[in-house]
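Dumped entry.txt below, it's compact mmCIF, C-alpha atoms:
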```txt
# COMPACT_ATOMS: atom_id res chain seq x y z
CA MET A 1 90.23 36.05 241.37
CA ALA A 2 90.24 39.48 239.71
CA ASP A 3 91.12 41.17 243.00
CA LEU A 4 93.84 38.60 243.62
CA GLU A 5 95.27 39.14 240.16
CA ALA A 6 95.28 42.92 240.54
CA ARG A 7 97.03 42.65 243.88
CA ARG A 8 99.70 40.39 242.46
CA VAL A 9 100.29 42.71 239.51
CA ILE A 10 100.86 45.64 241.85
CA GLU A 11 103.04 43.69 244.29
CA LEU A 12 105.32 42.17 241.70
CA GLY A 13 105.46 45.00 239.20
CA TYR A 14 104.44 42.99 236.17
CA ALA A 15 101.75 45.39 234.96
CA GLY A 16 101.46 45.52 231.20
CA ASN A 17 102.82 42.03 230.53
CA GLU A 18 100.73 39.11 229.41
CA ARG A 19 99.94 36.91 232.39
CA LEU A 20 98.29 33.56 232.97
CA VAL A 21 96.78 32.24 236.18
CA MET A 22 96.98 28.45 236.34
CA ASN A 23 95.95 25.84 238.90
CA MET A 24 98.55 23.23 239.79
CA GLY A 25 96.66 20.66 241.78
CA PRO A 26 94.86 19.47 243.79
CA GLN A 27 94.64 16.59 241.30
CA HIS A 28 98.16 17.07 239.97
CA PRO A 29 100.30 13.89 240.23
CA SER A 30 103.11 15.90 241.83
CA ALA A 31 100.89 17.72 244.34
CA HIS A 32 101.72 15.23 247.11
CA GLY A 33 98.11 14.45 247.79
CA VAL A 34 95.72 17.37 247.63
CA PHE A 35 97.78 20.55 247.46
CA ARG A 36 96.57 23.34 245.18
CA ALA A 37 98.97 26.01 244.01
CA ILE A 38 97.54 28.97 242.08
CA LEU A 39 100.44 30.00 239.86
CA THR A 40 100.59 33.40 238.21
CA LEU A 41 102.80 32.94 235.16
CA GLU A 42 104.85 35.19 232.91
CA GLY A 43 105.43 32.72 230.12
CA GLU A 44 107.11 29.74 231.83
CA THR A 45 108.26 31.84 234.79
CA VAL A 46 106.27 31.82 238.03
CA ALA A 47 105.53 35.38 239.12
CA ALA A 48 103.49 34.54 242.21
CA VAL A 49 102.11 31.57 244.13
CA ASP A 50 99.03 31.30 246.30
CA ALA A 51 98.92 28.09 248.32
CA VAL A 52 95.46 26.63 248.91
CA ILE A 53 95.01 23.88 251.48
CA GLY A 54 92.03 22.29 253.20
CA TYR A 55 90.96 19.54 250.79
CA LEU A 56 91.74 16.72 253.23
CA HIS A 57 90.48 18.09 256.55
CA ARG A 58 89.45 15.26 258.88
CA CYS A 59 88.93 16.90 262.30
CA HIS A 60 91.86 15.16 264.02
CA GLU A 61 92.07 17.59 266.90
CA LYS A 62 88.38 17.24 267.73
CA LEU A 63 88.68 13.47 267.37
CA GLY A 64 91.41 13.63 269.99
CA GLU A 65 88.96 15.25 272.40
CA THR A 66 86.37 12.49 271.91
CA LEU A 67 88.70 9.46 272.11
CA THR A 68 90.47 8.17 275.19
CA TYR A 69 94.21 8.14 275.84
CA VAL A 70 94.15 4.43 274.99
CA GLN A 71 92.29 4.85 271.70
CA TYR A 72 93.87 7.94 270.16
CA PRO A 73 97.47 6.79 269.45
CA SER A 74 96.14 4.64 266.61
CA ILE A 75 94.35 7.69 265.20
CA ALA A 76 97.41 9.91 265.67
CA SER A 77 99.10 7.60 263.16
CA LYS A 78 96.82 9.02 260.49
CA THR A 79 98.15 12.58 260.68
CA ASP A 80 101.55 12.04 259.07
CA TYR A 81 100.68 8.60 257.77
CA VAL A 82 104.10 8.24 256.11
CA ALA A 83 105.74 8.52 259.54
CA ALA A 84 103.02 7.24 261.86
CA MET A 85 105.39 6.39 264.72
CA THR A 86 106.36 10.06 265.03
CA SER A 87 102.85 11.39 265.64
CA GLU A 88 102.02 8.63 268.11
CA LEU A 89 105.15 9.43 270.10
CA ALA A 90 104.41 13.16 270.32
CA TYR A 91 100.92 12.41 271.68
CA VAL A 92 101.95 9.96 274.39
CA LEU A 93 104.87 12.16 275.46
CA ALA A 94 102.47 15.05 276.06
CA ALA A 95 100.15 12.87 278.14
CA GLU A 96 103.09 11.44 280.10
CA ARG A 97 104.44 14.93 280.76
CA ILE A 98 101.11 16.03 282.30
CA GLY A 99 100.77 12.88 284.40
CA ARG A 100 104.48 12.66 285.26
CA VAL A 101 104.41 9.10 284.00
CA GLU A 102 107.72 7.25 284.13
CA VAL A 103 108.62 5.20 281.06
CA PRO A 104 110.86 2.13 281.55
CA PRO A 105 114.32 2.27 279.92
CA ARG A 106 113.54 -0.62 277.58
CA ALA A 107 110.43 1.15 276.29
CA ARG A 108 112.39 4.36 275.69
CA TYR A 109 114.95 2.47 273.59
CA LEU A 110 112.19 0.69 271.67
CA ARG A 111 110.62 4.08 270.93
CA VAL A 112 113.89 5.40 269.54
CA THR A 113 114.34 2.25 267.43
CA ALA A 114 110.85 2.61 265.94
CA ALA A 115 111.24 6.36 265.36
CA GLU A 116 114.54 6.03 263.50
CA LEU A 117 113.38 3.10 261.38
CA GLN A 118 110.37 5.25 260.51
CA ARG A 119 112.68 8.11 259.50
CA VAL A 120 114.56 5.82 257.11
CA ALA A 121 111.31 4.45 255.65
CA SER A 122 109.89 7.96 255.24
CA HIS A 123 113.03 9.21 253.51
CA CYS A 124 112.87 6.24 251.13
CA LEU A 125 109.40 7.30 250.04
CA TRP A 126 110.50 10.95 249.78
CA LEU A 127 113.52 10.15 247.62
CA GLY A 128 111.65 7.80 245.30
CA THR A 129 108.65 10.05 244.72
CA TRP A 130 110.80 13.17 244.37
CA CYS A 131 112.93 11.60 241.65
CA MET A 132 109.85 10.27 239.89
CA ASP A 133 108.25 13.73 240.08
CA MET A 134 111.25 15.20 238.29
CA GLY A 135 110.85 12.31 235.89
CA GLY A 136 112.40 11.63 232.53
CA ALA A 137 114.87 14.51 232.72
CA LEU A 138 116.81 12.47 235.25
CA GLY A 139 117.03 9.52 232.90
CA GLY A 140 116.04 7.17 235.72
CA GLY A 141 113.55 8.79 238.04
CA ALA A 142 111.13 5.88 237.84
CA THR A 143 113.98 3.43 238.34
CA LEU A 144 115.10 5.06 241.55
CA PHE A 145 111.48 5.19 242.71
CA LEU A 146 111.22 1.43 242.38
CA TYR A 147 114.54 0.92 244.15
CA ALA A 148 113.56 3.15 247.08
CA ILE A 149 110.14 1.51 247.42
CA ARG A 150 111.85 -1.88 247.46
CA GLU A 151 113.92 -0.81 250.48
CA ARG A 152 110.89 0.78 252.14
CA GLU A 153 108.97 -2.48 251.81
CA MET A 154 111.76 -4.28 253.68
CA LEU A 155 111.46 -1.75 256.49
CA LEU A 156 107.69 -2.17 256.54
CA ASP A 157 108.28 -5.90 256.93
CA LEU A 158 110.02 -5.06 260.21
CA PHE A 159 107.08 -2.93 261.38
CA GLU A 160 104.67 -5.69 260.42
CA ALA A 161 106.65 -8.23 262.43
CA LEU A 162 106.73 -5.83 265.40
CA THR A 163 103.15 -4.52 265.41
CA GLY A 164 101.13 -6.54 262.89
CA ALA A 165 100.64 -3.49 260.63
CA ARG A 166 102.56 -1.89 257.77
CA LEU A 167 101.35 1.71 257.80
CA LEU A 168 99.38 2.69 260.93
CA TYR A 169 100.71 1.03 264.07
CA GLY A 170 99.32 1.99 267.48
CA PHE A 171 102.73 1.02 268.87
CA HIS A 172 103.08 3.71 271.52
CA GLN A 173 100.92 3.91 274.61
CA VAL A 174 100.93 6.10 277.70
CA GLY A 175 103.61 4.62 279.93
CA GLY A 176 105.56 2.67 277.33
CA THR A 177 105.04 0.61 274.22
CA ARG A 178 102.37 -1.91 273.32
CA TYR A 179 104.70 -4.55 271.92
CA ASP A 180 108.13 -5.96 272.69
CA LEU A 181 110.54 -7.31 270.09
CA PRO A 182 109.52 -10.75 268.79
CA ALA A 183 112.08 -13.53 268.59
CA GLY A 184 114.64 -12.98 265.83
CA TRP A 185 113.50 -9.42 265.13
CA ALA A 186 116.76 -7.72 266.13
CA GLU A 187 118.76 -9.94 263.77
CA GLN A 188 116.30 -9.31 260.94
CA CYS A 189 116.56 -5.57 261.62
CA ARG A 190 120.36 -5.57 261.50
CA SER A 191 120.32 -7.53 258.23
CA THR A 192 117.80 -5.13 256.67
CA LEU A 193 119.77 -2.07 257.72
CA ALA A 194 122.97 -3.50 256.24
CA PHE A 195 121.16 -3.98 252.92
CA VAL A 196 119.61 -0.50 252.95
CA GLU A 197 122.92 1.14 253.85
CA LYS A 198 124.57 -0.31 250.74
CA ARG A 199 121.70 0.92 248.59
CA ILE A 200 122.16 4.49 249.82
CA ASP A 201 125.58 4.47 248.17
CA GLU A 202 123.86 3.29 244.99
CA TYR A 203 121.29 6.09 245.15
CA GLU A 204 124.02 8.69 245.46
CA ALA A 205 126.00 7.21 242.56
CA MET A 206 122.88 7.37 240.37
CA LEU A 207 122.07 10.97 241.23
CA GLU A 208 125.18 12.92 242.12
CA ASP A 209 126.99 12.24 238.85
CA ASN A 210 123.84 13.03 236.88
CA PRO A 211 124.06 16.52 235.30
CA PHE A 212 120.27 16.69 234.94
CA PHE A 213 119.78 16.07 238.66
CA LEU A 214 122.37 18.71 239.52
CA ALA A 215 120.73 21.24 237.20
CA ARG A 216 117.29 20.56 238.70
CA THR A 217 118.44 20.94 242.33
CA GLN A 218 121.45 23.23 242.69
CA GLY A 219 120.50 26.88 243.17
CA VAL A 220 116.79 26.03 242.99
CA GLY A 221 114.36 27.02 245.74
CA VAL A 222 116.85 28.73 248.04
CA ILE A 223 115.72 29.32 251.64
CA SER A 224 117.98 31.78 253.44
CA PRO A 225 118.71 31.22 257.14
CA GLU A 226 116.80 34.41 257.96
CA LEU A 227 113.74 33.31 255.98
CA ALA A 228 113.87 29.81 257.50
CA GLN A 229 113.69 31.24 261.01
CA GLU A 230 111.12 33.90 260.16
CA ILE A 231 108.72 31.40 258.58
CA GLY A 232 109.34 28.72 261.22
CA VAL A 233 110.44 25.83 259.02
CA SER A 234 112.13 22.88 260.68
CA GLY A 235 113.72 19.54 259.96
CA PRO A 236 115.82 19.08 256.81
CA LEU A 237 114.64 22.48 255.54
CA ILE A 238 116.18 24.52 258.34
CA ARG A 239 119.29 22.31 258.53
CA GLY A 240 119.69 22.69 254.77
CA SER A 241 119.80 26.44 255.33
CA GLY A 242 122.77 26.30 257.67
CA ILE A 243 121.03 26.12 261.06
CA ALA A 244 122.00 23.12 263.19
CA TYR A 245 118.67 22.70 264.94
CA ASP A 246 117.46 19.21 265.80
CA ILE A 247 115.08 18.56 268.70
CA ARG A 248 116.80 15.26 269.44
CA ARG A 249 119.86 17.34 270.39
CA ALA A 250 118.27 20.61 271.52
CA GLU A 251 115.76 18.96 273.88
CA PRO A 252 116.51 15.21 274.05
CA TYR A 253 113.55 12.96 274.72
CA SER A 254 113.05 9.22 275.10
CA SER A 255 116.77 8.54 275.79
CA TYR A 256 118.20 10.26 272.68
CA GLU A 257 120.88 11.66 274.95
CA ASP A 258 122.31 8.11 275.16
CA PHE A 259 123.16 7.91 271.45
CA GLU A 260 125.96 9.21 269.29
CA PHE A 261 124.83 10.74 266.02
CA ARG A 262 125.63 13.69 263.80
CA VAL A 263 123.20 16.48 262.91
CA PRO A 264 123.85 17.14 259.19
CA VAL A 265 123.94 20.76 258.08
CA GLU A 266 124.25 22.30 254.61
CA THR A 267 124.53 26.01 253.91
CA ALA A 268 123.28 26.48 250.34
CA GLY A 269 119.59 26.35 251.34
CA ASP A 270 118.55 24.92 247.95
CA CYS A 271 116.98 21.64 246.83
CA TRP A 272 120.42 20.07 246.64
CA ALA A 273 121.18 21.03 250.26
CA ARG A 274 117.94 19.54 251.51
CA TYR A 275 118.70 16.37 249.54
CA ARG A 276 122.16 16.09 251.09
CA VAL A 277 120.80 16.57 254.62
CA ARG A 278 118.38 13.71 254.17
CA MET A 279 120.99 11.41 252.64
CA VAL A 280 123.18 11.87 255.72
CA GLU A 281 120.15 11.36 257.95
CA PHE A 282 119.64 7.95 256.35
CA ARG A 283 123.00 6.82 257.68
CA GLU A 284 122.71 8.55 261.05
CA SER A 285 119.32 6.93 261.73
CA ILE A 286 120.77 3.53 260.88
CA LYS A 287 123.62 4.26 263.31
CA ILE A 288 121.14 5.14 266.08
CA VAL A 289 119.09 1.97 265.56
CA ARG A 290 122.20 -0.19 265.80
CA GLN A 291 123.20 1.53 269.05
CA ALA A 292 119.69 1.05 270.46
CA LEU A 293 119.64 -2.65 269.61
CA ASP A 294 123.14 -3.20 271.01
CA GLY A 295 122.33 -1.42 274.26
CA LEU A 296 118.68 -2.45 274.66
CA PRO A 297 117.99 -2.68 278.41
CA ALA A 298 116.16 -5.61 279.95
CA GLY A 299 112.95 -5.10 281.84
CA PRO A 300 109.29 -4.18 281.23
CA ILE A 301 108.02 -2.25 278.22
CA SER A 302 105.37 -0.31 280.17
CA SER A 303 105.11 1.29 283.59
CA ARG A 304 101.53 0.15 284.02
CA PRO A 305 99.62 -3.10 283.52
CA GLY A 306 97.64 -3.80 280.39
CA VAL A 307 94.27 -2.10 280.19
CA LYS A 308 90.97 -3.91 280.43
CA SER A 309 88.87 -1.00 279.16
CA VAL A 310 89.60 1.94 276.87
CA GLY A 311 88.72 4.39 279.65
CA GLN A 312 91.05 2.90 282.23
CA VAL A 313 93.95 5.34 281.70
CA ARG A 314 93.30 8.75 283.24
CA ILE A 315 95.59 11.77 283.26
CA PRO A 316 95.40 14.34 286.10
CA LYS A 317 94.52 17.95 285.40
CA GLY A 318 97.20 19.93 283.64
CA GLU A 319 98.58 20.90 280.26
CA ALA A 320 101.75 20.19 278.32
CA TYR A 321 103.35 20.53 274.91
CA ALA A 322 105.59 17.74 273.67
CA ARG A 323 107.58 17.87 270.46
CA VAL A 324 109.65 15.37 268.55
CA GLU A 325 111.95 15.50 265.54
CA GLY A 326 110.00 13.83 262.74
CA PRO A 327 111.29 13.11 259.24
CA ARG A 328 109.83 16.44 258.08
CA GLY A 329 110.71 18.47 261.18
CA GLU A 330 109.07 19.44 264.45
CA VAL A 331 105.89 17.55 265.28
CA GLY A 332 104.24 18.87 268.42
CA CYS A 333 101.20 17.92 270.44
CA TYR A 334 99.58 20.25 272.98
CA LEU A 335 97.20 18.62 275.46
CA ILE A 336 94.96 19.93 278.21
CA ALA A 337 93.80 17.23 280.63
CA ASP A 338 90.86 17.55 283.00
CA GLY A 339 91.39 14.39 285.03
CA GLY A 340 89.22 12.19 282.85
CA PRO A 341 90.02 9.43 280.34
CA LYS A 342 90.06 11.88 277.39
CA PRO A 343 91.91 15.15 276.76
CA TYR A 344 89.88 18.31 277.28
CA ARG A 345 91.67 20.03 274.37
CA MET A 346 94.28 19.00 271.83
CA LYS A 347 96.26 20.88 269.20
CA TRP A 348 98.78 19.57 266.66
CA ARG A 349 101.82 21.36 265.29
CA GLY A 350 102.46 19.64 261.96
CA ALA A 351 105.88 20.01 260.37
CA SER A 352 104.42 19.90 256.86
CA PHE A 353 101.91 22.65 257.64
CA SER A 354 104.60 25.07 258.83
CA ASN A 355 107.09 24.13 256.10
CA LEU A 356 104.56 24.80 253.32
CA ALA A 357 104.43 28.47 254.33
CA VAL A 358 107.82 28.99 252.72
CA LEU A 359 106.68 28.11 249.19
CA PRO A 360 105.30 31.56 248.17
CA HIS A 361 108.66 33.03 249.18
CA ILE A 362 110.95 30.69 247.22
CA ILE A 363 109.00 29.63 244.10
CA PRO A 364 108.53 33.02 242.32
CA GLY A 365 111.21 33.56 239.71
CA HIS A 366 111.52 29.88 238.89
CA LYS A 367 110.09 27.93 235.96
CA VAL A 368 106.96 25.81 236.19
CA ALA A 369 109.04 22.62 236.11
CA ASP A 370 110.98 23.86 239.13
CA VAL A 371 107.77 24.00 241.18
CA VAL A 372 107.73 20.21 241.16
CA ALA A 373 111.36 19.98 242.30
CA ILE A 374 110.86 22.53 245.07
CA MET A 375 107.64 20.95 246.33
CA GLY A 376 109.31 17.55 246.46
CA SER A 377 112.29 18.92 248.36
CA VAL A 378 109.91 20.27 251.03
CA ASP A 379 108.38 16.76 251.35
CA PRO A 380 104.92 17.63 252.69
CA VAL A 381 102.43 15.01 253.85
CA PHE A 382 98.92 16.38 253.79
CA GLY A 383 97.54 14.28 256.58
CA GLU A 384 99.29 16.67 258.98
CA VAL A 385 98.47 19.76 256.92
CA ASP A 386 94.70 19.35 256.57
CA ARG A 387 94.45 17.63 259.92
```

Could you write out this file's structure as structure tokens?
Amino acid sequence: MADLEARRVIELGYAGNERLVMNMGPQHPSAHGVFRAILTLEGETVAAVDAVIGYLHRCHEKLGETLTYVQYPSIASKTDYVAAMTSELAYVLAAERIGRVEVPPRARYLRVTAAELQRVASHCLWLGTWCMDMGGALGGGATLFLYAIREREMLLDLFEALTGARLLYGFHQVGGTRYDLPAGWAEQCRSTLAFVEKRIDEYEAMLEDNPFFLARTQGVGVISPELAQEIGVSGPLIRGSGIAYDIRRAEPYSSYEDFEFRVPVETAGDCWARYRVRMVEFRESIKIVRQALDGLPAGPISSRPGVKSVGQVRIPKGEAYARVEGPRGEVGCYLIADGGPKPYRMKWRGASFSNLAVLPHIIPGHKVADVVAIMGSVDPVFGEVDR
């Protein structure tokens, strides 16, 4: 710690001033799980940040090399457990790319439906926890948290009706999806989306006329376009910095080319910009789900029959990288297949892991209270950081 402190003094030019090194996390209520930030403080101003990760490591990539292609999608859910459908989809797309597996049109539309509902549910949790993190200064942070969780629970009702689970689903499988829509599900989905869409207007009315919310977000935690590209951030972070990059448009997968939607972009690069990007994404995801339900093709949901053993699905030798646009940005899965029922090697590219790298660049110069606002605007999930 002494060497670290000396290095920071030299780098930042604060020699001679009284300094304090403080841990924020990993047990901090606003640390989004198990993140530890070592803050070097000049009074209430953050002079430097050292990010420490690794408290939640669970060997996901090695697990993927010991479990079959049938078994692992349910485990992939546990990387970004707030958006489980996203990780599952990246995994099966990589396997399908190696094996040149065709996916029926109906299954592709079902995948898009699940992915966009997951984006809305994930953003509900982000918005609620972020406002609660910023707390009493907003005059209603806990209130908005309860509202957003209420809407998320309605979306989880849809997932439960579709898959039997509310958090970790195992919905995707190599060749298609495991489940088709149950009777009445599409009507329930449309009704839920209509309710959530009205509530988004309510969220904005509560926040965007609130001077405390504006003060906590505007001009705070600015990521320049150059920094965003140099660090490799993605998702709402890069789009909030003025770069219109969305994998669903740049490299469409699973029939995204069939849908009309807007990629929201803001140029300020601050917490407010990232907030606005996600608020537009709420509505665009709802628009995509409605299009998918209206145009849902008939036919099978998988290109292969149901399995009778977990080792039945085999992928020929080869390697592939598949990436999808998750709620937090690019989620990628790299697989090497050796012809057996399990991958020979697997590697994840977690959006949260890459996005966290920007924090030491944008936090210094802000107050301690701003650390909470900036962290929440990045929206990390540590299942895909300490994977």

For this session: Using CA of Lys78 (chain A) and CA of Trp126 (chain A) as the two end points, give the distance in Å to one decimal.
Result: 17.5 Å

Please provide as a PDB file with C-alpha atoms, keeping the file's coordinate frame all residues within 9 Å of region 220-233 of chain A, with the sequence filter that same-chain residues fewer than 3 positions apart are discarded (counting only C-alpha atoms).
```pdb
ATOM      1  CA  ALA A 215     120.730  21.240 237.200  1.00  0.00           C
ATOM      2  CA  ARG A 216     117.290  20.560 238.700  1.00  0.00           C
ATOM      3  CA  THR A 217     118.440  20.940 242.330  1.00  0.00           C
ATOM      4  CA  PRO A 236     115.820  19.080 256.810  1.00  0.00           C
ATOM      5  CA  LEU A 237     114.640  22.480 255.540  1.00  0.00           C
ATOM      6  CA  ILE A 238     116.180  24.520 258.340  1.00  0.00           C
ATOM      7  CA  GLY A 240     119.690  22.690 254.770  1.00  0.00           C
ATOM      8  CA  SER A 241     119.800  26.440 255.330  1.00  0.00           C
ATOM      9  CA  GLY A 242     122.770  26.300 257.670  1.00  0.00           C
ATOM     10  CA  ILE A 243     121.030  26.120 261.060  1.00  0.00           C
ATOM     11  CA  THR A 267     124.530  26.010 253.910  1.00  0.00           C
ATOM     12  CA  ALA A 268     123.280  26.480 250.340  1.00  0.00           C
ATOM     13  CA  GLY A 269     119.590  26.350 251.340  1.00  0.00           C
ATOM     14  CA  ASP A 270     118.550  24.920 247.950  1.00  0.00           C
ATOM     15  CA  CYS A 271     116.980  21.640 246.830  1.00  0.00           C
ATOM     16  CA  TRP A 272     120.420  20.070 246.640  1.00  0.00           C
ATOM     17  CA  GLY A 329     110.710  18.470 261.180  1.00  0.00           C
ATOM     18  CA  GLU A 330     109.070  19.440 264.450  1.00  0.00           C
ATOM     19  CA  ALA A 351     105.880  20.010 260.370  1.00  0.00           C
ATOM     20  CA  SER A 352     104.420  19.900 256.860  1.00  0.00           C
ATOM     21  CA  SER A 354     104.600  25.070 258.830  1.00  0.00           C
ATOM     22  CA  ASN A 355     107.090  24.130 256.100  1.00  0.00           C
ATOM     23  CA  LEU A 356     104.560  24.800 253.320  1.00  0.00           C
ATOM     24  CA  ALA A 357     104.430  28.470 254.330  1.00  0.00           C
ATOM     25  CA  VAL A 358     107.820  28.990 252.720  1.00  0.00           C
ATOM     26  CA  LEU A 359     106.680  28.110 249.190  1.00  0.00           C
ATOM     27  CA  HIS A 361     108.660  33.030 249.180  1.00  0.00           C
ATOM     28  CA  ILE A 362     110.950  30.690 247.220  1.00  0.00           C
ATOM     29  CA  ILE A 363     109.000  29.630 244.100  1.00  0.00           C
ATOM     30  CA  HIS A 366     111.520  29.880 238.890  1.00  0.00           C
ATOM     31  CA  ASP A 370     110.980  23.860 239.130  1.00  0.00           C
ATOM     32  CA  VAL A 371     107.770  24.000 241.180  1.00  0.00           C
ATOM     33  CA  ALA A 373     111.360  19.980 242.300  1.00  0.00           C
ATOM     34  CA  ILE A 374     110.860  22.530 245.070  1.00  0.00           C
ATOM     35  CA  SER A 377     112.290  18.920 248.360  1.00  0.00           C
TER      36      SER A 377
END
```

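If only C-alpha atoms are the atoms counted, then among A:Arg111, A:Arg387, A:Arg199, A:Arg152 the closest residue to Tyr179 (chain A) is A:Arg111.
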
Problem set entry | Shell of 8 Å around Ala47 (chain A), only C-alpha atoms, local chain residues under 3 positions omitted, as a ChimeraX atom specification | /A:12,39-42,364-365

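Counting all atoms listed in the file, the residue from A:Thr86, A:Thr79, A:Gln27, A:Thr113 that sits nearest to Leu296 (chain A) is A:Thr113.
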
For this session: Compile the contact shell of Leu181 (chain A) as a PyMOL selection string: residues with an atom at most 9 Å away, counting only C-alpha atoms, same-chain residues fewer than 6 positions apart removed.
Result: chain A and resi 110+161-162

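Take CA of Gly219 (chain A) and CA of Val21 (chain A): the distance between them is 25.3 Å.
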
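Of the listed residues A:Gly306, A:His172, A:Gly99, A:Arg36, the one whose atoms come nearest to Ala76 (chain A) is A:His172, with distances taken using only C-alpha atoms.
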
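The shortest atom-to-atom distance to Ile75 (chain A), with all atoms listed in the file taken into account, belongs to A:Leu167 out of A:Leu125, A:Val307, A:Leu167, A:Val372.
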
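We find CA of Val368 (chain A) and CA of Thr45 (chain A) to be spaced 6.3 Å apart.
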
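Distance check against Tyr169 (chain A) using all atoms listed in the file: of A:Ala94, A:Val34, A:Ala83, A:Leu146, the minimum falls on A:Ala83.
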
Problem set entry | Nearby residues (all atoms listed in the file) at most 12 Å from Cys189 (chain A), same-chain spacing under 5 positions excluded, as JSON, numbers by chain | {"A": [113, 114, 116, 117, 154, 155, 156, 157, 158, 159, 160, 161, 162, 181, 182, 183, 184, 194, 195, 196, 286, 289, 290, 292, 293, 294]}

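Of the residues under consideration (A:Phe353, A:Tyr253, A:Tyr321, A:Tyr334), A:Tyr253 shows the shortest atom-to-atom contact distance to Pro105 (chain A) when counting all atoms listed in the file.
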
Problem set entry | Selection near Tyr91 (chain A), 7 Å with all atoms listed in the file, sequence-local residues under 3 positions removed, as a ChimeraX atom specification | /A:73,87-88,94-95,333

Polymer residues at most 7 Å from (91.0, 15.3, 284.7) by all atoms listed in the file, as an mmCIF file with C-alpha atoms, in the frame of the given file:
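For reference, result.cif as written:
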```cif
data_model
loop_
_atom_site.group_PDB
_atom_site.id
_atom_site.type_symbol
_atom_site.label_atom_id
_atom_site.label_comp_id
_atom_site.auth_asym_id
_atom_site.auth_seq_id
_atom_site.Cartn_x
_atom_site.Cartn_y
_atom_site.Cartn_z
ATOM 1 C CA ILE A 315 95.590 11.770 283.260
ATOM 2 C CA PRO A 316 95.400 14.340 286.100
ATOM 3 C CA LYS A 317 94.520 17.950 285.400
ATOM 4 C CA ALA A 337 93.800 17.230 280.630
ATOM 5 C CA ASP A 338 90.860 17.550 283.000
ATOM 6 C CA GLY A 339 91.390 14.390 285.030
ATOM 7 C CA GLY A 340 89.220 12.190 282.850
#
```

Your completed region 309-322 of chain A with N, CA and C atoms, as a PDB file, in the frame of the given file:
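What ended up in rebuild-v2.pdb:
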```pdb
ATOM      1  N   SER A 309      89.885  -1.812 279.822  1.00  0.00           N
ATOM      2  CA  SER A 309      88.870  -1.000 279.160  1.00  0.00           C
ATOM      3  C   SER A 309      89.552   0.232 278.589  1.00  0.00           C
ATOM      4  N   VAL A 310      88.969   0.809 277.549  1.00  0.00           N
ATOM      5  CA  VAL A 310      89.600   1.940 276.870  1.00  0.00           C
ATOM      6  C   VAL A 310      89.600   3.198 277.731  1.00  0.00           C
ATOM      7  N   GLY A 311      88.772   3.227 278.781  1.00  0.00           N
ATOM      8  CA  GLY A 311      88.720   4.390 279.650  1.00  0.00           C
ATOM      9  C   GLY A 311      89.528   4.237 280.923  1.00  0.00           C
ATOM     10  N   GLN A 312      90.345   3.204 280.987  1.00  0.00           N
ATOM     11  CA  GLN A 312      91.050   2.900 282.230  1.00  0.00           C
ATOM     12  C   GLN A 312      92.173   3.898 282.531  1.00  0.00           C
ATOM     13  N   VAL A 313      92.828   4.413 281.509  1.00  0.00           N
ATOM     14  CA  VAL A 313      93.950   5.340 281.700  1.00  0.00           C
ATOM     15  C   VAL A 313      93.400   6.751 281.867  1.00  0.00           C
ATOM     16  N   ARG A 314      93.738   7.380 282.973  1.00  0.00           N
ATOM     17  CA  ARG A 314      93.300   8.750 283.240  1.00  0.00           C
ATOM     18  C   ARG A 314      94.529   9.609 283.550  1.00  0.00           C
ATOM     19  N   ILE A 315      94.493  10.834 283.063  1.00  0.00           N
ATOM     20  CA  ILE A 315      95.590  11.770 283.260  1.00  0.00           C
ATOM     21  C   ILE A 315      95.096  12.899 284.161  1.00  0.00           C
ATOM     22  N   PRO A 316      95.846  13.263 285.209  1.00  0.00           N
ATOM     23  CA  PRO A 316      95.400  14.340 286.100  1.00  0.00           C
ATOM     24  C   PRO A 316      95.328  15.681 285.378  1.00  0.00           C
ATOM     25  N   LYS A 317      94.680  16.634 286.020  1.00  0.00           N
ATOM     26  CA  LYS A 317      94.520  17.950 285.400  1.00  0.00           C
ATOM     27  C   LYS A 317      95.880  18.594 285.137  1.00  0.00           C
ATOM     28  N   GLY A 318      95.965  19.248 283.998  1.00  0.00           N
ATOM     29  CA  GLY A 318      97.200  19.930 283.640  1.00  0.00           C
ATOM     30  C   GLY A 318      97.282  20.119 282.137  1.00  0.00           C
ATOM     31  N   GLU A 319      98.370  20.702 281.688  1.00  0.00           N
ATOM     32  CA  GLU A 319      98.580  20.900 280.260  1.00  0.00           C
ATOM     33  C   GLU A 319     100.058  20.776 279.952  1.00  0.00           C
ATOM     34  N   ALA A 320     100.353  20.369 278.716  1.00  0.00           N
ATOM     35  CA  ALA A 320     101.750  20.190 278.320  1.00  0.00           C
ATOM     36  C   ALA A 320     101.845  20.203 276.806  1.00  0.00           C
ATOM     37  N   TYR A 321     103.015  20.595 276.346  1.00  0.00           N
ATOM     38  CA  TYR A 321     103.350  20.530 274.910  1.00  0.00           C
ATOM     39  C   TYR A 321     104.572  19.632 274.774  1.00  0.00           C
ATOM     40  N   ALA A 322     104.468  18.638 273.944  1.00  0.00           N
ATOM     41  CA  ALA A 322     105.590  17.740 273.670  1.00  0.00           C
ATOM     42  C   ALA A 322     105.906  17.788 272.195  1.00  0.00           C
TER      43      ALA A 322
END
```
